[in-house]
$ cat data.txt   # compact mmCIF, C-alpha atoms
# COMPACT_ATOMS: atom_id res chain seq x y z
CA MET A 1 39.60 -36.54 -23.25
CA VAL A 2 37.00 -38.23 -21.04
CA ARG A 3 39.05 -37.26 -17.98
CA ILE A 4 38.44 -33.63 -18.96
CA LEU A 5 34.78 -33.83 -19.97
CA LEU A 6 33.46 -35.85 -17.03
CA PRO A 7 34.57 -33.42 -14.31
CA LEU A 8 33.18 -30.53 -16.37
CA ALA A 9 29.86 -32.35 -16.66
CA VAL A 10 29.83 -32.93 -12.89
CA ILE A 11 30.45 -29.22 -12.29
CA ALA A 12 27.62 -28.24 -14.62
CA THR A 13 25.28 -30.72 -12.95
CA LEU A 14 26.16 -29.60 -9.45
CA LEU A 15 25.77 -25.93 -10.22
CA PHE A 16 22.68 -25.88 -12.44
CA ALA A 17 20.58 -29.02 -11.88
CA PRO A 18 18.04 -29.22 -9.02
CA ILE A 19 19.57 -31.21 -6.17
CA PHE A 20 16.91 -30.86 -3.46
CA GLY A 21 13.29 -29.82 -3.44
CA ALA A 22 10.33 -29.30 -1.15
CA GLU A 23 6.58 -29.14 -1.52
CA PRO A 24 5.41 -26.83 -4.33
CA THR A 25 3.85 -23.50 -3.39
CA GLU A 26 1.32 -21.39 -5.22
CA VAL A 27 2.38 -17.93 -6.32
CA GLY A 28 -0.12 -15.79 -8.23
CA GLY A 29 -2.25 -18.79 -9.16
CA ILE A 30 0.71 -20.78 -10.50
CA VAL A 31 2.08 -23.77 -8.62
CA LYS A 32 5.90 -23.64 -8.60
CA PRO A 33 8.21 -26.28 -7.15
CA ASN A 34 10.68 -25.23 -4.48
CA THR A 35 14.05 -26.55 -5.58
CA VAL A 36 17.64 -25.60 -4.85
CA THR A 37 20.68 -26.02 -7.03
CA GLY A 38 24.34 -26.08 -6.13
CA MET A 39 24.58 -22.48 -7.30
CA ASP A 40 22.25 -21.52 -4.45
CA TYR A 41 24.83 -22.95 -2.05
CA VAL A 42 28.09 -21.86 -3.68
CA GLY A 43 27.11 -18.93 -5.91
CA ALA A 44 28.74 -16.31 -3.69
CA THR A 45 31.87 -18.43 -3.32
CA VAL A 46 32.18 -18.93 -7.07
CA ASN A 47 31.76 -15.17 -7.62
CA CYS A 48 34.50 -14.47 -5.08
CA TRP A 49 36.86 -16.99 -6.68
CA THR A 50 36.27 -15.67 -10.19
CA GLY A 51 36.89 -12.16 -8.85
CA GLY A 52 40.27 -13.18 -7.40
CA ASN A 53 39.28 -13.48 -3.72
CA PHE A 54 40.22 -17.07 -2.93
CA SER A 55 38.41 -17.40 0.38
CA ILE A 56 35.64 -19.58 1.78
CA ALA A 57 35.01 -17.44 4.84
CA GLY A 58 32.89 -14.36 5.55
CA ASP A 59 30.93 -13.09 2.57
CA CYS A 60 32.53 -15.75 0.35
CA ALA A 61 31.43 -18.68 2.52
CA PRO A 62 29.12 -21.27 0.94
CA GLN A 63 25.52 -21.08 2.15
CA GLY A 64 24.06 -23.95 4.15
CA GLY A 65 27.05 -24.69 6.39
CA THR A 66 28.57 -28.12 5.87
CA LYS A 67 26.16 -28.95 3.04
CA GLY A 68 27.48 -25.97 1.08
CA LEU A 69 31.07 -26.92 1.88
CA ALA A 70 30.44 -30.45 0.56
CA ILE A 71 29.05 -29.06 -2.69
CA PHE A 72 31.95 -26.59 -2.97
CA ALA A 73 34.52 -29.36 -2.36
CA ALA A 74 32.98 -31.44 -5.16
CA VAL A 75 32.97 -28.46 -7.56
CA PHE A 76 36.51 -27.38 -6.65
CA VAL A 77 38.11 -30.81 -6.94
CA SER A 78 36.29 -31.45 -10.22
CA ALA A 79 37.62 -28.14 -11.58
CA VAL A 80 41.16 -29.10 -10.57
CA ALA A 81 40.75 -32.52 -12.20
CA ALA A 82 39.45 -30.97 -15.43
CA ALA A 83 42.32 -28.45 -15.52
CA LEU A 84 44.92 -31.14 -14.89
CA GLY A 85 43.25 -33.31 -17.52
CA PHE A 86 44.67 -31.01 -20.18
CA VAL A 87 48.15 -31.56 -18.78
CA GLY A 88 47.40 -35.28 -18.69
CA LEU A 89 47.25 -35.37 -22.47
CA ILE A 90 51.06 -35.58 -22.31
CA PRO A 91 51.74 -39.35 -22.16
CA VAL A 92 54.31 -39.33 -19.35
CA ILE A 93 52.15 -37.27 -16.99
CA GLY A 94 48.88 -39.04 -17.81
CA ARG A 95 48.95 -41.48 -14.89
CA LEU A 96 49.52 -38.74 -12.33
CA THR A 97 46.54 -36.80 -13.59
CA SER A 98 44.52 -40.02 -13.59
CA ALA A 99 45.19 -40.28 -9.86
CA ILE A 100 43.84 -36.74 -9.41
CA THR A 101 40.80 -37.63 -11.53
CA MET A 102 40.23 -40.72 -9.39
CA LEU A 103 40.46 -38.60 -6.24
CA ALA A 104 38.01 -36.09 -7.71
CA GLY A 105 35.52 -38.87 -8.34
CA LEU A 106 35.85 -40.04 -4.73
CA VAL A 107 35.35 -36.50 -3.40
CA VAL A 108 32.25 -35.98 -5.56
CA ILE A 109 30.73 -39.27 -4.42
CA ALA A 110 31.53 -38.48 -0.78
CA GLY A 111 30.22 -34.91 -1.07
CA ILE A 112 26.92 -35.95 -2.65
CA GLY A 113 26.57 -38.83 -0.20
CA PHE A 114 27.10 -36.45 2.71
CA TYR A 115 24.62 -33.99 1.23
CA ILE A 116 21.93 -36.65 0.83
CA LEU A 117 22.53 -38.12 4.29
CA THR A 118 22.29 -34.72 5.99
CA ASN A 119 19.00 -34.02 4.18
CA LEU A 120 17.44 -37.26 5.40
CA GLY A 121 16.58 -35.52 8.67
CA SER A 122 14.52 -32.82 6.92
CA ASP A 123 10.75 -32.90 6.52
CA GLU A 124 11.02 -34.10 2.92
CA GLY A 125 13.57 -36.84 3.65
CA ILE A 126 14.80 -38.90 0.73
CA GLY A 127 11.80 -37.75 -1.31
CA GLY A 128 13.27 -34.26 -1.47
CA VAL A 129 16.43 -35.39 -3.24
CA GLN A 130 16.12 -34.32 -6.88
CA TRP A 131 17.54 -35.81 -10.06
CA GLY A 132 20.57 -33.51 -10.11
CA ALA A 133 21.98 -35.07 -6.96
CA TYR A 134 21.72 -38.55 -8.44
CA LEU A 135 23.20 -37.39 -11.74
CA ALA A 136 26.13 -35.72 -9.95
CA GLY A 137 26.75 -38.88 -7.91
CA GLY A 138 26.69 -40.96 -11.09
CA GLY A 139 29.05 -38.51 -12.76
CA GLY A 140 31.37 -38.81 -9.77
CA LEU A 141 31.29 -42.59 -10.12
CA LEU A 142 32.09 -42.35 -13.83
CA THR A 143 34.91 -39.92 -13.03
CA LEU A 144 36.31 -42.41 -10.51
CA ILE A 145 36.11 -45.21 -13.09
CA SER A 146 37.78 -42.99 -15.70
CA GLY A 147 40.62 -42.24 -13.29
CA LEU A 148 41.05 -45.93 -12.51
CA SER A 149 41.11 -46.72 -16.22
CA GLY A 150 43.77 -44.08 -16.76
CA MET A 151 45.88 -45.59 -13.99
CA ARG A 152 45.90 -48.80 -16.00
CA GLY A 153 47.31 -46.90 -18.96
CA ARG A 154 44.19 -46.42 -21.05

$ encode --input "data.txt" --output "structure tokens"
Amino acid sequence: MVRILLPLAVIATLLFAPIFGAEPTEVGGIVKPNTVTGMDYVGATVNCWTGGNFSIAGDCAPQGGTKGLAIFAAVFVSAVAAALGFVGLIPVIGRLTSAITMLAGLVVIAGIGFYILTNLGSDEGIGGVQWGAYLAGGGGLLTLISGLSGMRGR
């Protein structure tokens, strides 16, 4: 069951938690932080995929270039791992789905690592990385550990 819930938690974190932020700005006398979430990068792509247009080019391309592609790869592979986790409840197939879960954890860690490293060159640097990026990376690590545990037969 953990191999289903962890990838879903990573998807929710990537899409809705703040992953990068800049200096706050004042709007109408109220100081608001400038933050972006994964939905800002992959919102159009997710809408295309839920509408049946399975493309990552043109209007369906993730925003932000390679940063958006890294976020989309993490979301996509986590969704595949969560979907296959249901099939993995069958005892014979469980180890195969654990390998997919392990791969999903690696992709999430690599995607978040790439995202953070590419943002180091910005004006904000490492200070701009928000809690959602760290939480998604930790969720990816837990997903990797869960996949490894499933490979052992647990």

$ residues_around --input "data.txt" --residues "Thr66 of chain A" --least-positions-apart "4" --cutoff "12 Å" --atoms "all atoms listed in the file" --output "list in words"
Tyr41, Val42, Ile56, Ala61, Pro62, Ala70, Ile71, Phe72, Ala73, Gly111, Ile112, Phe114, Tyr115, Ile116, Leu117, Thr118 and Asn119 of chain A

$ write_last_selection --input "data.txt" --atoms "C-alpha atoms" --output "JSON list (two decimals), keeping the file's coordinate frame"
[["chain", "number", "residue", "atom", "x", "y", "z"],
["A", 41, "TYR", "CA", 24.83, -22.95, -2.05],
["A", 42, "VAL", "CA", 28.09, -21.86, -3.68],
["A", 56, "ILE", "CA", 35.64, -19.58, 1.78],
["A", 61, "ALA", "CA", 31.43, -18.68, 2.52],
["A", 62, "PRO", "CA", 29.12, -21.27, 0.94],
["A", 70, "ALA", "CA", 30.44, -30.45, 0.56],
["A", 71, "ILE", "CA", 29.05, -29.06, -2.69],
["A", 72, "PHE", "CA", 31.95, -26.59, -2.97],
["A", 73, "ALA", "CA", 34.52, -29.36, -2.36],
["A", 111, "GLY", "CA", 30.22, -34.91, -1.07],
["A", 112, "ILE", "CA", 26.92, -35.95, -2.65],
["A", 114, "PHE", "CA", 27.10, -36.45, 2.71],
["A", 115, "TYR", "CA", 24.62, -33.99, 1.23],
["A", 116, "ILE", "CA", 21.93, -36.65, 0.83],
["A", 117, "LEU", "CA", 22.53, -38.12, 4.29],
["A", 118, "THR", "CA", 22.29, -34.72, 5.99],
["A", 119, "ASN", "CA", 19.00, -34.02, 4.18]]

$ residues_around --input "data.txt" --residues "segment 78-85 of chain A" --least-positions-apart "2" --cutoff "9 Å" --atoms "all atoms listed in the file" --output "ChimeraX atom specification"
/A:1-8,10-11,73-76,87-89,94,97-98,100-105,107-108,140

$ write_last_selection --input "data.txt" --atoms "C-alpha atoms" --output "mmCIF file, in the coordinates of the input"
data_model
loop_
_atom_site.group_PDB
_atom_site.id
_atom_site.type_symbol
_atom_site.label_atom_id
_atom_site.label_comp_id
_atom_site.auth_asym_id
_atom_site.auth_seq_id
_atom_site.Cartn_x
_atom_site.Cartn_y
_atom_site.Cartn_z
ATOM 1 C CA MET A 1 39.600 -36.540 -23.250
ATOM 2 C CA VAL A 2 37.000 -38.230 -21.040
ATOM 3 C CA ARG A 3 39.050 -37.260 -17.980
ATOM 4 C CA ILE A 4 38.440 -33.630 -18.960
ATOM 5 C CA LEU A 5 34.780 -33.830 -19.970
ATOM 6 C CA LEU A 6 33.460 -35.850 -17.030
ATOM 7 C CA PRO A 7 34.570 -33.420 -14.310
ATOM 8 C CA LEU A 8 33.180 -30.530 -16.370
ATOM 9 C CA VAL A 10 29.830 -32.930 -12.890
ATOM 10 C CA ILE A 11 30.450 -29.220 -12.290
ATOM 11 C CA ALA A 73 34.520 -29.360 -2.360
ATOM 12 C CA ALA A 74 32.980 -31.440 -5.160
ATOM 13 C CA VAL A 75 32.970 -28.460 -7.560
ATOM 14 C CA PHE A 76 36.510 -27.380 -6.650
ATOM 15 C CA VAL A 87 48.150 -31.560 -18.780
ATOM 16 C CA GLY A 88 47.400 -35.280 -18.690
ATOM 17 C CA LEU A 89 47.250 -35.370 -22.470
ATOM 18 C CA GLY A 94 48.880 -39.040 -17.810
ATOM 19 C CA THR A 97 46.540 -36.800 -13.590
ATOM 20 C CA SER A 98 44.520 -40.020 -13.590
ATOM 21 C CA ILE A 100 43.840 -36.740 -9.410
ATOM 22 C CA THR A 101 40.800 -37.630 -11.530
ATOM 23 C CA MET A 102 40.230 -40.720 -9.390
ATOM 24 C CA LEU A 103 40.460 -38.600 -6.240
ATOM 25 C CA ALA A 104 38.010 -36.090 -7.710
ATOM 26 C CA GLY A 105 35.520 -38.870 -8.340
ATOM 27 C CA VAL A 107 35.350 -36.500 -3.400
ATOM 28 C CA VAL A 108 32.250 -35.980 -5.560
ATOM 29 C CA GLY A 140 31.370 -38.810 -9.770
#

$ closest_residue --input "data.txt" --among "A:Gly65, A:Gly153, A:Gly113, A:Gly121" --to "Ala133 of chain A" --atoms "all atoms listed in the file"
A:Gly113

$ atom_distance --input "data.txt" --atom1 "atom CA of Ile19 of chain A" --atom2 "atom CA of Trp131 of chain A"
6.4 Å

$ residues_around --input "data.txt" --residues "Thr13 of chain A" --least-positions-apart "6" --cutoff "8 Å" --atoms "all atoms listed in the file" --output "CSV table (one decimal) with C-alpha atoms, in the frame of the given file"
chain,number,residue,atom,x,y,z
A,132,GLY,CA,20.6,-33.5,-10.1
A,135,LEU,CA,23.2,-37.4,-11.7
A,136,ALA,CA,26.1,-35.7,-10.0

$ atom_distance --input "data.txt" --atom1 "atom CA of Arg95 of chain A" --atom2 "atom CA of Leu14 of chain A"
26.3 Å

$ atom_distance --input "data.txt" --atom1 "atom CA of Leu106 of chain A" --atom2 "atom CA of Gly64 of chain A"
21.8 Å

$ axis_aligned_box --input "data.txt" --around "segment 89-93 of chain A" --padding-each-side "8 Å" --output "AutoDock Vina command-line options"
--center_x 50.8 --center_y -37.4 --center_z -19.7 --size_x 23.1 --size_y 20.0 --size_z 21.5
